[in-house]
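A.B. asks: Hey, dropping target_25.json in here, JSON, C-alpha atoms:
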[["chain", "number", "residue", "atom", "x", "y", "z"],
["A", 1, "MET", "CA", -22.62, -19.05, -33.71],
["A", 2, "THR", "CA", -21.28, -18.34, -30.23],
["A", 3, "PRO", "CA", -19.48, -14.97, -30.15],
["A", 4, "PRO", "CA", -15.74, -15.33, -29.60],
["A", 5, "VAL", "CA", -13.39, -14.12, -26.91],
["A", 6, "THR", "CA", -10.98, -11.80, -28.73],
["A", 7, "VAL", "CA", -7.41, -11.08, -27.63],
["A", 8, "GLY", "CA", -4.91, -8.59, -29.03],
["A", 9, "VAL", "CA", -1.44, -10.10, -29.47],
["A", 10, "ASP", "CA", 1.99, -8.85, -30.53],
["A", 11, "GLY", "CA", 4.36, -11.56, -29.30],
["A", 12, "PHE", "CA", 5.60, -9.79, -26.18],
["A", 13, "PRO", "CA", 5.12, -11.31, -22.70],
["A", 14, "GLU", "CA", 2.15, -9.04, -21.97],
["A", 15, "SER", "CA", 0.15, -10.32, -24.91],
["A", 16, "ARG", "CA", 1.23, -13.92, -24.33],
["A", 17, "ALA", "CA", -0.15, -13.72, -20.80],
["A", 18, "ALA", "CA", -3.32, -12.14, -22.21],
["A", 19, "ALA", "CA", -3.69, -14.92, -24.79],
["A", 20, "ASP", "CA", -3.28, -17.61, -22.14],
["A", 21, "TRP", "CA", -5.87, -15.95, -19.89],
["A", 22, "ALA", "CA", -8.25, -15.41, -22.83],
["A", 23, "ALA", "CA", -7.95, -19.06, -23.85],
["A", 24, "ARG", "CA", -8.95, -20.22, -20.37],
["A", 25, "GLU", "CA", -11.84, -17.76, -20.40],
["A", 26, "ALA", "CA", -12.98, -19.05, -23.80],
["A", 27, "VAL", "CA", -12.96, -22.60, -22.45],
["A", 28, "LEU", "CA", -15.07, -21.47, -19.46],
["A", 29, "ARG", "CA", -17.53, -19.75, -21.79],
["A", 30, "GLU", "CA", -17.49, -22.61, -24.34],
["A", 31, "ALA", "CA", -16.65, -19.98, -26.94],
["A", 32, "PRO", "CA", -14.09, -19.78, -29.76],
["A", 33, "LEU", "CA", -10.92, -17.73, -29.33],
["A", 34, "ARG", "CA", -9.86, -15.05, -31.82],
["A", 35, "LEU", "CA", -6.27, -13.78, -31.88],
["A", 36, "VAL", "CA", -5.80, -10.36, -33.50],
["A", 37, "HIS", "CA", -2.52, -8.71, -34.45],
["A", 38, "VAL", "CA", -2.85, -5.08, -35.54],
["A", 39, "GLU", "CA", -0.41, -4.08, -38.26],
["A", 40, "ASP", "CA", 0.07, -0.45, -37.32],
["A", 41, "TRP", "CA", 2.74, 0.17, -39.98],
["A", 42, "PRO", "CA", 4.04, 2.63, -41.18],
["A", 43, "HIS", "CA", 2.49, 4.98, -38.61],
["A", 44, "THR", "CA", 4.27, 3.46, -35.61],
["A", 45, "PRO", "CA", 8.09, 3.82, -35.53],
["A", 46, "PHE", "CA", 9.82, 0.46, -35.45],
["A", 47, "MET", "CA", 12.92, -0.66, -33.57],
["A", 48, "PRO", "CA", 14.60, -4.02, -34.22],
["A", 49, "ALA", "CA", 13.17, -6.76, -32.06],
["A", 50, "VAL", "CA", 15.01, -8.12, -29.05],
["A", 51, "GLY", "CA", 17.92, -10.27, -30.18],
["A", 52, "ARG", "CA", 18.70, -8.34, -33.36],
["A", 53, "LEU", "CA", 22.14, -6.83, -33.83],
["A", 54, "GLU", "CA", 22.50, -3.22, -32.74],
["A", 55, "ASN", "CA", 23.63, -2.22, -36.23],
["A", 56, "ALA", "CA", 20.77, -4.01, -37.97],
["A", 57, "GLY", "CA", 19.21, -1.99, -40.77],
["A", 58, "PRO", "CA", 15.60, -0.79, -40.96],
["A", 59, "VAL", "CA", 12.88, -3.39, -41.27],
["A", 60, "GLY", "CA", 10.45, -3.13, -44.16],
["A", 61, "ALA", "CA", 6.71, -3.67, -44.29],
["A", 62, "GLU", "CA", 6.97, -7.15, -45.77],
["A", 63, "GLU", "CA", 9.33, -8.35, -43.06],
["A", 64, "LEU", "CA", 7.02, -6.89, -40.43],
["A", 65, "ARG", "CA", 4.10, -8.80, -41.93],
["A", 66, "ARG", "CA", 6.08, -12.03, -41.97],
["A", 67, "GLY", "CA", 7.03, -11.42, -38.35],
["A", 68, "ALA", "CA", 3.39, -10.81, -37.42],
["A", 69, "ASP", "CA", 2.29, -13.97, -39.21],
["A", 70, "ALA", "CA", 4.99, -15.93, -37.38],
["A", 71, "VAL", "CA", 3.80, -14.55, -34.04],
["A", 72, "LEU", "CA", 0.19, -15.47, -34.82],
["A", 73, "GLU", "CA", 1.13, -18.97, -35.97],
["A", 74, "GLU", "CA", 3.30, -19.59, -32.90],
["A", 75, "MET", "CA", 0.69, -18.31, -30.45],
["A", 76, "THR", "CA", -2.12, -20.19, -32.19],
["A", 77, "ASP", "CA", -0.15, -23.43, -32.00],
["A", 78, "ASP", "CA", 0.68, -22.78, -28.33],
["A", 79, "VAL", "CA", -2.96, -22.15, -27.41],
["A", 80, "ARG", "CA", -4.15, -25.25, -29.25],
["A", 81, "ARG", "CA", -1.49, -27.34, -27.52],
["A", 82, "ARG", "CA", -2.52, -26.04, -24.09],
["A", 83, "HIS", "CA", -6.26, -26.27, -24.77],
["A", 84, "PRO", "CA", -7.07, -29.19, -27.10],
["A", 85, "GLY", "CA", -10.49, -28.85, -28.63],
["A", 86, "LEU", "CA", -10.63, -25.06, -28.35],
["A", 87, "GLN", "CA", -11.58, -23.42, -31.63],
["A", 88, "VAL", "CA", -8.88, -20.83, -32.42],
["A", 89, "SER", "CA", -8.65, -18.34, -35.29],
["A", 90, "ALA", "CA", -6.08, -15.64, -36.05],
["A", 91, "ARG", "CA", -6.24, -12.35, -37.92],
["A", 92, "ARG", "CA", -3.59, -9.83, -38.99],
["A", 93, "MET", "CA", -5.25, -6.49, -39.65],
["A", 94, "PRO", "CA", -3.99, -3.03, -40.69],
["A", 95, "GLY", "CA", -5.07, 0.17, -38.98],
["A", 96, "ARG", "CA", -4.78, 2.11, -35.78],
["A", 97, "ALA", "CA", -4.61, -0.33, -32.91],
["A", 98, "ALA", "CA", -7.29, 1.07, -30.60],
["A", 99, "ALA", "CA", -9.83, 1.51, -33.40],
["A", 100, "VAL", "CA", -9.20, -1.94, -34.92],
["A", 101, "LEU", "CA", -9.42, -3.69, -31.56],
["A", 102, "ALA", "CA", -12.64, -1.84, -30.72],
["A", 103, "VAL", "CA", -14.19, -3.01, -34.01],
["A", 104, "GLN", "CA", -13.06, -6.59, -33.38],
["A", 105, "ALA", "CA", -14.54, -6.41, -29.88],
["A", 106, "ALA", "CA", -17.95, -5.35, -31.16],
["A", 107, "ASP", "CA", -19.00, -8.90, -32.09],
["A", 108, "SER", "CA", -17.12, -10.55, -29.21],
["A", 109, "GLN", "CA", -18.11, -11.57, -25.71],
["A", 110, "MET", "CA", -14.95, -9.98, -24.35],
["A", 111, "LEU", "CA", -11.75, -8.27, -25.45],
["A", 112, "VAL", "CA", -8.52, -9.21, -23.65],
["A", 113, "LEU", "CA", -5.31, -7.15, -23.73],
["A", 114, "GLY", "CA", -1.90, -7.20, -22.13],
["A", 115, "SER", "CA", -1.88, -4.43, -19.57],
["A", 116, "ARG", "CA", 1.63, -3.04, -19.78],
["A", 117, "GLY", "CA", 3.86, -2.26, -22.77],
["A", 118, "ARG", "CA", 7.65, -2.16, -22.58],
["A", 119, "GLY", "CA", 8.23, 1.15, -24.31],
["A", 120, "ALA", "CA", 7.01, 3.68, -26.83],
["A", 121, "VAL", "CA", 8.04, 1.68, -29.92],
["A", 122, "GLU", "CA", 7.89, -1.99, -28.97],
["A", 123, "GLY", "CA", 4.33, -3.00, -29.74],
["A", 124, "PHE", "CA", 0.79, -1.77, -29.76],
["A", 125, "LEU", "CA", -0.32, -3.09, -26.35],
["A", 126, "LEU", "CA", 0.92, 0.03, -24.59],
["A", 127, "GLY", "CA", -0.66, 1.85, -21.69],
["A", 128, "SER", "CA", -1.91, 4.71, -23.84],
["A", 129, "VAL", "CA", -3.32, 2.43, -26.53],
["A", 130, "GLY", "CA", -4.86, 0.12, -23.94],
["A", 131, "ILE", "CA", -6.61, 3.04, -22.27],
["A", 132, "ALA", "CA", -7.78, 4.36, -25.65],
["A", 133, "THR", "CA", -9.15, 0.92, -26.56],
["A", 134, "VAL", "CA", -11.06, 0.69, -23.29],
["A", 135, "GLY", "CA", -12.62, 4.08, -23.96],
["A", 136, "LEU", "CA", -13.77, 3.05, -27.44],
["A", 137, "THR", "CA", -15.16, -0.37, -26.51],
["A", 138, "ALA", "CA", -18.62, -1.12, -25.15],
["A", 139, "THR", "CA", -17.77, -4.83, -24.83],
["A", 140, "PRO", "CA", -16.12, -5.86, -21.53],
["A", 141, "VAL", "CA", -12.36, -5.36, -21.75],
["A", 142, "VAL", "CA", -10.00, -7.37, -19.54],
["A", 143, "LEU", "CA", -6.40, -6.28, -19.05],
["A", 144, "VAL", "CA", -3.94, -8.96, -17.95],
["A", 145, "ARG", "CA", -0.44, -8.54, -16.53],
["A", 146, "PRO", "CA", 2.22, -11.19, -17.08],
["A", 147, "PRO", "CA", 3.41, -12.95, -13.94],
["A", 148, "ARG", "CA", 6.70, -11.67, -12.56],
["A", 149, "GLU", "CA", 8.02, -15.22, -12.53],
["A", 150, "PRO", "CA", 7.01, -18.24, -14.64],
["A", 151, "VAL", "CA", 4.06, -20.07, -13.10],
["A", 152, "PRO", "CA", 4.26, -23.87, -13.41],
["A", 153, "ALA", "CA", 1.12, -25.66, -14.52],
["A", 154, "PRO", "CA", -0.73, -27.09, -11.49],
["A", 155, "ALA", "CA", -1.02, -30.85, -11.13],
["A", 156, "ALA", "CA", -4.78, -30.42, -10.68],
["A", 157, "PRO", "CA", -7.13, -27.53, -11.47],
["A", 158, "ALA", "CA", -6.85, -24.92, -8.71],
["A", 159, "ALA", "CA", -9.92, -23.41, -7.08],
["A", 160, "TYR", "CA", -10.77, -19.94, -8.29],
["A", 161, "ARG", "CA", -10.39, -17.02, -5.92],
["A", 162, "ASP", "CA", -13.04, -14.32, -5.48],
["A", 163, "VAL", "CA", -14.28, -11.91, -8.11],
["A", 164, "VAL", "CA", -13.93, -8.42, -6.59],
["A", 165, "VAL", "CA", -16.17, -5.68, -7.95],
["A", 166, "GLY", "CA", -15.94, -1.99, -7.15],
["A", 167, "VAL", "CA", -19.47, -0.61, -6.75],
["A", 168, "ASP", "CA", -20.52, 3.03, -6.69],
["A", 169, "VAL", "CA", -24.05, 3.00, -5.29],
["A", 170, "ARG", "CA", -24.75, 6.33, -7.05],
["A", 171, "GLU", "CA", -24.19, 4.81, -10.50],
["A", 172, "ASP", "CA", -26.04, 2.32, -12.71],
["A", 173, "THR", "CA", -24.50, -0.99, -11.62],
["A", 174, "ASP", "CA", -26.59, -3.57, -13.49],
["A", 175, "ALA", "CA", -24.02, -4.29, -16.23],
["A", 176, "LEU", "CA", -21.14, -4.35, -13.75],
["A", 177, "LEU", "CA", -22.81, -6.62, -11.19],
["A", 178, "GLY", "CA", -24.24, -8.83, -13.92],
["A", 179, "PHE", "CA", -20.73, -9.41, -15.27],
["A", 180, "ALA", "CA", -19.27, -10.09, -11.80],
["A", 181, "PHE", "CA", -21.97, -12.58, -10.79],
["A", 182, "GLU", "CA", -21.85, -14.39, -14.14],
["A", 183, "GLU", "CA", -18.06, -14.74, -13.93],
["A", 184, "ALA", "CA", -18.30, -15.99, -10.33],
["A", 185, "ALA", "CA", -20.96, -18.52, -11.33],
["A", 186, "ARG", "CA", -18.70, -19.86, -14.10],
["A", 187, "ARG", "CA", -15.79, -20.17, -11.72],
["A", 188, "GLY", "CA", -17.71, -21.48, -8.72],
["A", 189, "CYS", "CA", -16.35, -18.70, -6.53],
["A", 190, "ALA", "CA", -17.66, -15.77, -4.48],
["A", 191, "VAL", "CA", -18.29, -12.13, -5.35],
["A", 192, "ARG", "CA", -16.89, -9.41, -3.10],
["A", 193, "ALA", "CA", -18.65, -6.07, -3.66],
["A", 194, "VAL", "CA", -16.56, -3.13, -2.42],
["A", 195, "HIS", "CA", -17.63, 0.44, -1.81],
["A", 196, "GLY", "CA", -15.15, 2.94, -0.40],
["A", 197, "TRP", "CA", -16.43, 6.20, 1.05],
["A", 198, "SER", "CA", -15.57, 9.20, 3.17],
["A", 199, "LEU", "CA", -17.59, 12.11, 4.53],
["A", 200, "PRO", "CA", -17.71, 15.17, 2.29],
["A", 201, "PHE", "CA", -15.40, 18.01, 3.33],
["A", 202, "ALA", "CA", -18.38, 20.06, 4.51],
["A", 203, "PHE", "CA", -19.15, 17.35, 7.07],
["A", 204, "GLY", "CA", -15.57, 17.04, 8.28],
["A", 205, "TYR", "CA", -16.36, 18.12, 11.83],
["A", 206, "ALA", "CA", -19.76, 16.41, 12.02],
["A", 207, "PRO", "CA", -18.49, 13.22, 13.76],
["A", 208, "GLN", "CA", -17.02, 15.34, 16.56],
["A", 209, "LEU", "CA", -20.29, 17.24, 16.95],
["A", 210, "ASP", "CA", -22.45, 14.12, 16.65],
["A", 211, "PRO", "CA", -20.68, 10.71, 16.86],
["A", 212, "GLY", "CA", -23.66, 9.04, 15.21],
["A", 213, "VAL", "CA", -23.24, 10.89, 11.91],
["A", 214, "ARG", "CA", -20.51, 8.61, 10.53],
["A", 215, "GLN", "CA", -22.39, 5.47, 11.53],
["A", 216, "GLU", "CA", -25.61, 6.80, 10.01],
["A", 217, "VAL", "CA", -23.87, 7.46, 6.69],
["A", 218, "ALA", "CA", -22.19, 4.04, 6.75],
["A", 219, "ASP", "CA", -25.50, 2.31, 7.46],
["A", 220, "GLY", "CA", -27.15, 4.15, 4.57],
["A", 221, "ILE", "CA", -24.42, 3.12, 2.13],
["A", 222, "ALA", "CA", -24.52, -0.49, 3.36],
["A", 223, "GLU", "CA", -28.27, -0.59, 2.83],
["A", 224, "ALA", "CA", -27.94, 0.85, -0.68],
["A", 225, "LEU", "CA", -25.24, -1.68, -1.56],
["A", 226, "SER", "CA", -27.32, -4.55, -0.22],
["A", 227, "GLU", "CA", -30.26, -3.41, -2.33],
["A", 228, "ARG", "CA", -28.07, -3.36, -5.43],
["A", 229, "LEU", "CA", -26.96, -6.94, -4.76],
["A", 230, "SER", "CA", -30.36, -8.36, -3.82],
["A", 231, "SER", "CA", -31.68, -9.06, -7.34],
["A", 232, "TRP", "CA", -28.37, -10.63, -8.41],
["A", 233, "ARG", "CA", -28.32, -12.86, -5.34],
["A", 234, "ARG", "CA", -31.76, -14.13, -6.33],
["A", 235, "ARG", "CA", -30.66, -14.64, -9.94],
["A", 236, "TYR", "CA", -27.47, -16.48, -8.92],
["A", 237, "PRO", "CA", -28.35, -18.35, -5.72],
["A", 238, "SER", "CA", -25.22, -20.51, -5.94],
["A", 239, "VAL", "CA", -22.91, -17.49, -5.79],
["A", 240, "LYS", "CA", -21.88, -16.29, -2.35],
["A", 241, "ALA", "CA", -21.87, -12.48, -2.28],
["A", 242, "GLU", "CA", -20.07, -10.48, 0.38],
["A", 243, "GLU", "CA", -20.37, -6.74, 0.99],
["A", 244, "ARG", "CA", -17.49, -4.49, 1.96],
["A", 245, "VAL", "CA", -18.37, -0.92, 2.94],
["A", 246, "LEU", "CA", -15.02, 0.61, 3.84],
["A", 247, "VAL", "CA", -13.95, 4.07, 4.93],
["A", 248, "GLY", "CA", -11.35, 5.49, 2.57],
["A", 249, "ALA", "CA", -10.69, 6.36, -1.06],
["A", 250, "PRO", "CA", -12.65, 3.96, -3.33],
["A", 251, "ALA", "CA", -9.66, 3.08, -5.53],
["A", 252, "VAL", "CA", -7.49, 2.28, -2.50],
["A", 253, "GLN", "CA", -10.15, 0.06, -0.96],
["A", 254, "VAL", "CA", -10.79, -1.82, -4.21],
["A", 255, "LEU", "CA", -7.06, -2.39, -4.69],
["A", 256, "TYR", "CA", -6.72, -3.62, -1.11],
["A", 257, "GLU", "CA", -9.54, -6.13, -1.53],
["A", 258, "ALA", "CA", -8.25, -7.14, -4.98],
["A", 259, "ALA", "CA", -4.84, -8.23, -3.66],
["A", 260, "ASP", "CA", -5.99, -11.87, -3.45],
["A", 261, "ALA", "CA", -8.68, -11.79, -6.16],
["A", 262, "ASP", "CA", -8.94, -13.92, -9.27],
["A", 263, "LEU", "CA", -10.55, -11.09, -11.24],
["A", 264, "VAL", "CA", -11.38, -7.44, -10.51],
["A", 265, "ALA", "CA", -14.30, -5.67, -12.18],
["A", 266, "VAL", "CA", -14.76, -1.90, -12.36],
["A", 267, "GLY", "CA", -17.19, 0.24, -14.31],
["A", 268, "ARG", "CA", -16.80, 3.14, -16.68],
["A", 269, "ARG", "CA", -19.50, 5.46, -17.86],
["A", 270, "ILE", "CA", -20.26, 5.50, -21.58],
["A", 271, "ARG", "CA", -19.53, 8.97, -22.84],
["A", 272, "ARG", "CA", -21.29, 9.83, -26.10],
["A", 273, "ALA", "CA", -19.08, 12.74, -27.13],
["A", 274, "PRO", "CA", -16.58, 13.45, -29.93],
["A", 275, "VAL", "CA", -13.68, 13.28, -27.48],
["A", 276, "GLY", "CA", -14.26, 9.55, -26.90],
["A", 277, "GLY", "CA", -14.86, 7.34, -23.90],
["A", 278, "HIS", "CA", -14.50, 8.30, -20.27],
["A", 279, "LEU", "CA", -12.41, 6.37, -17.76],
["A", 280, "GLY", "CA", -13.01, 7.44, -14.17],
["A", 281, "HIS", "CA", -10.25, 7.88, -11.63],
["A", 282, "VAL", "CA", -11.14, 4.67, -9.77],
["A", 283, "ALA", "CA", -11.00, 2.51, -12.91],
["A", 284, "HIS", "CA", -7.83, 4.29, -14.01],
["A", 285, "ALA", "CA", -6.09, 3.64, -10.68],
["A", 286, "VAL", "CA", -7.18, 0.00, -10.54],
["A", 287, "LEU", "CA", -6.00, -0.62, -14.12],
["A", 288, "HIS", "CA", -2.57, 0.77, -13.32],
["A", 289, "HIS", "CA", -1.98, -0.83, -9.94],
["A", 290, "ALA", "CA", -3.94, -4.11, -9.63],
["A", 291, "THR", "CA", -1.96, -7.30, -10.08],
["A", 292, "ALA", "CA", -5.03, -9.41, -10.87],
["A", 293, "PRO", "CA", -6.73, -9.22, -14.28],
["A", 294, "VAL", "CA", -9.01, -6.18, -14.43],
["A", 295, "ALA", "CA", -12.32, -6.14, -16.33],
["A", 296, "VAL", "CA", -13.69, -2.74, -17.35],
["A", 297, "ILE", "CA", -17.45, -2.76, -17.90],
["A", 298, "ALA", "CA", -19.13, 0.08, -19.77],
["A", 299, "HIS", "CA", -22.46, 1.38, -18.48],
["A", 300, "ASP", "CA", -24.80, 4.30, -19.08]]
Do you think you could lay out the structure here as structure tokens?

C.D. replies:
Amino acid sequence: MTPPVTVGVDGFPESRAAADWAAREAVLREAPLRLVHVEDWPHTPFMPAVGRLENAGPVGAEELRRGADAVLEEMTDDVRRRHPGLQVSARRMPGRAAAVLAVQAADSQMLVLGSRGRGAVEGFLLGSVGIATVGLTATPVVLVRPPREPVPAPAAPAAYRDVVVGVDVREDTDALLGFAFEEAARRGCAVRAVHGWSLPFAFGYAPQLDPGVRQEVADGIAEALSERLSSWRRRYPSVKAEERVLVGAPAVQVLYEAADADLVAVGRRIRRAPVGGHLGHVAHAVLHHATAPVAVIAHD
């Protein structure tokens, strides 16, 4: 059986945008879609949903479950209506959100989440839980923001924009580049590999003493980046790959290049320690500030 694309849902706009994106990704991958609602009761405080009266009384566990089932049914019907023929399943599961989602991701091709919660008590797809889920999950995790304004359905399928990938030439990049090239091949678009750099503080005056120092460093990084891309270019000859070696903070450069991207991919190092996963400052910044969907790819 083809592993599914799994998406965490809670009925808020963030998870609805995530479900829509995940459904399109499942169609691209010819994979089933799995919707998961985590029933994090009674550990998470609950406030009445939008539209309830201000003096409404507390909501019990059974009503919460009925509400979750209604959300799953509505979103399942919506996905099936938008994507006829897509195999869709839904699960309501108890437990701590990050841990449950990480378990559900283990047998999936990808886990998709809404990237911004509305407050501390309005759903489980919050920033803190999203970050925790990313740190616990070895499967690629994609975080999707809802559009600021409703986007009308195009009359014809629109061409995909580039897949932008932030590459640190000092790290293991095989999983990250493999994901980026495979996604670009599915979409029929290009890959833009971005590496931001600056001279170490100790070399701050070197360009003034020797103007060739900066160019020498830039050439070395460009060569290393080209070497990293070479095997993937051979493996995916139909995918156009562009290199961007830019002076400046890596997160800033990735965000700049990602402004017009269809998907942004960043890596995180797998951290085998009791404190959990590690999310580097570049991935953290991109997750918080990119407007395009962001894929976080775990690597050794």

A.B. asks: Which one of A:Ser238, A:Ser231, A:Thr137, A:Thr291 sits closest to Arg271 of chain A if you count only C-alpha atoms?

C.D. replies: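 Using only C-alpha atoms, the shortest distance to Arg271 of chain A belongs to A:Thr137.
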
A.B. asks: Which is closest to Val164 of chain A among A:Pro94, A:Gly188, A:Pro293, A:Gly130, if we use all atoms listed in the file?

C.D. replies: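 The answer is A:Pro293, which sits nearest to Val164 of chain A.
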
A.B. asks: Looking at only C-alpha atoms, which of A:Arg187, A:Val239, A:His195, A:His299 is the one that sits closest to Tyr256 of chain A?

C.D. replies: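 For Tyr256 of chain A, the nearest of the given residues is A:His195.
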
A.B. asks: Could you list, as a count of residues only, every residue within 12 Å of Ala70 of chain A, counting all atoms listed in the file and ignoring same-chain residues fewer than 6 positions away?

C.D. replies: 11

A.B. asks: When distances are computed from all atoms listed in the file, which of A:Pro3, A:Gly267, A:His288, A:Ala106 shows the smallest separation from Phe179 of chain A?

C.D. replies: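 Looking only at the distances to Phe179 of chain A, the closest residue turns out to be A:Gly267.
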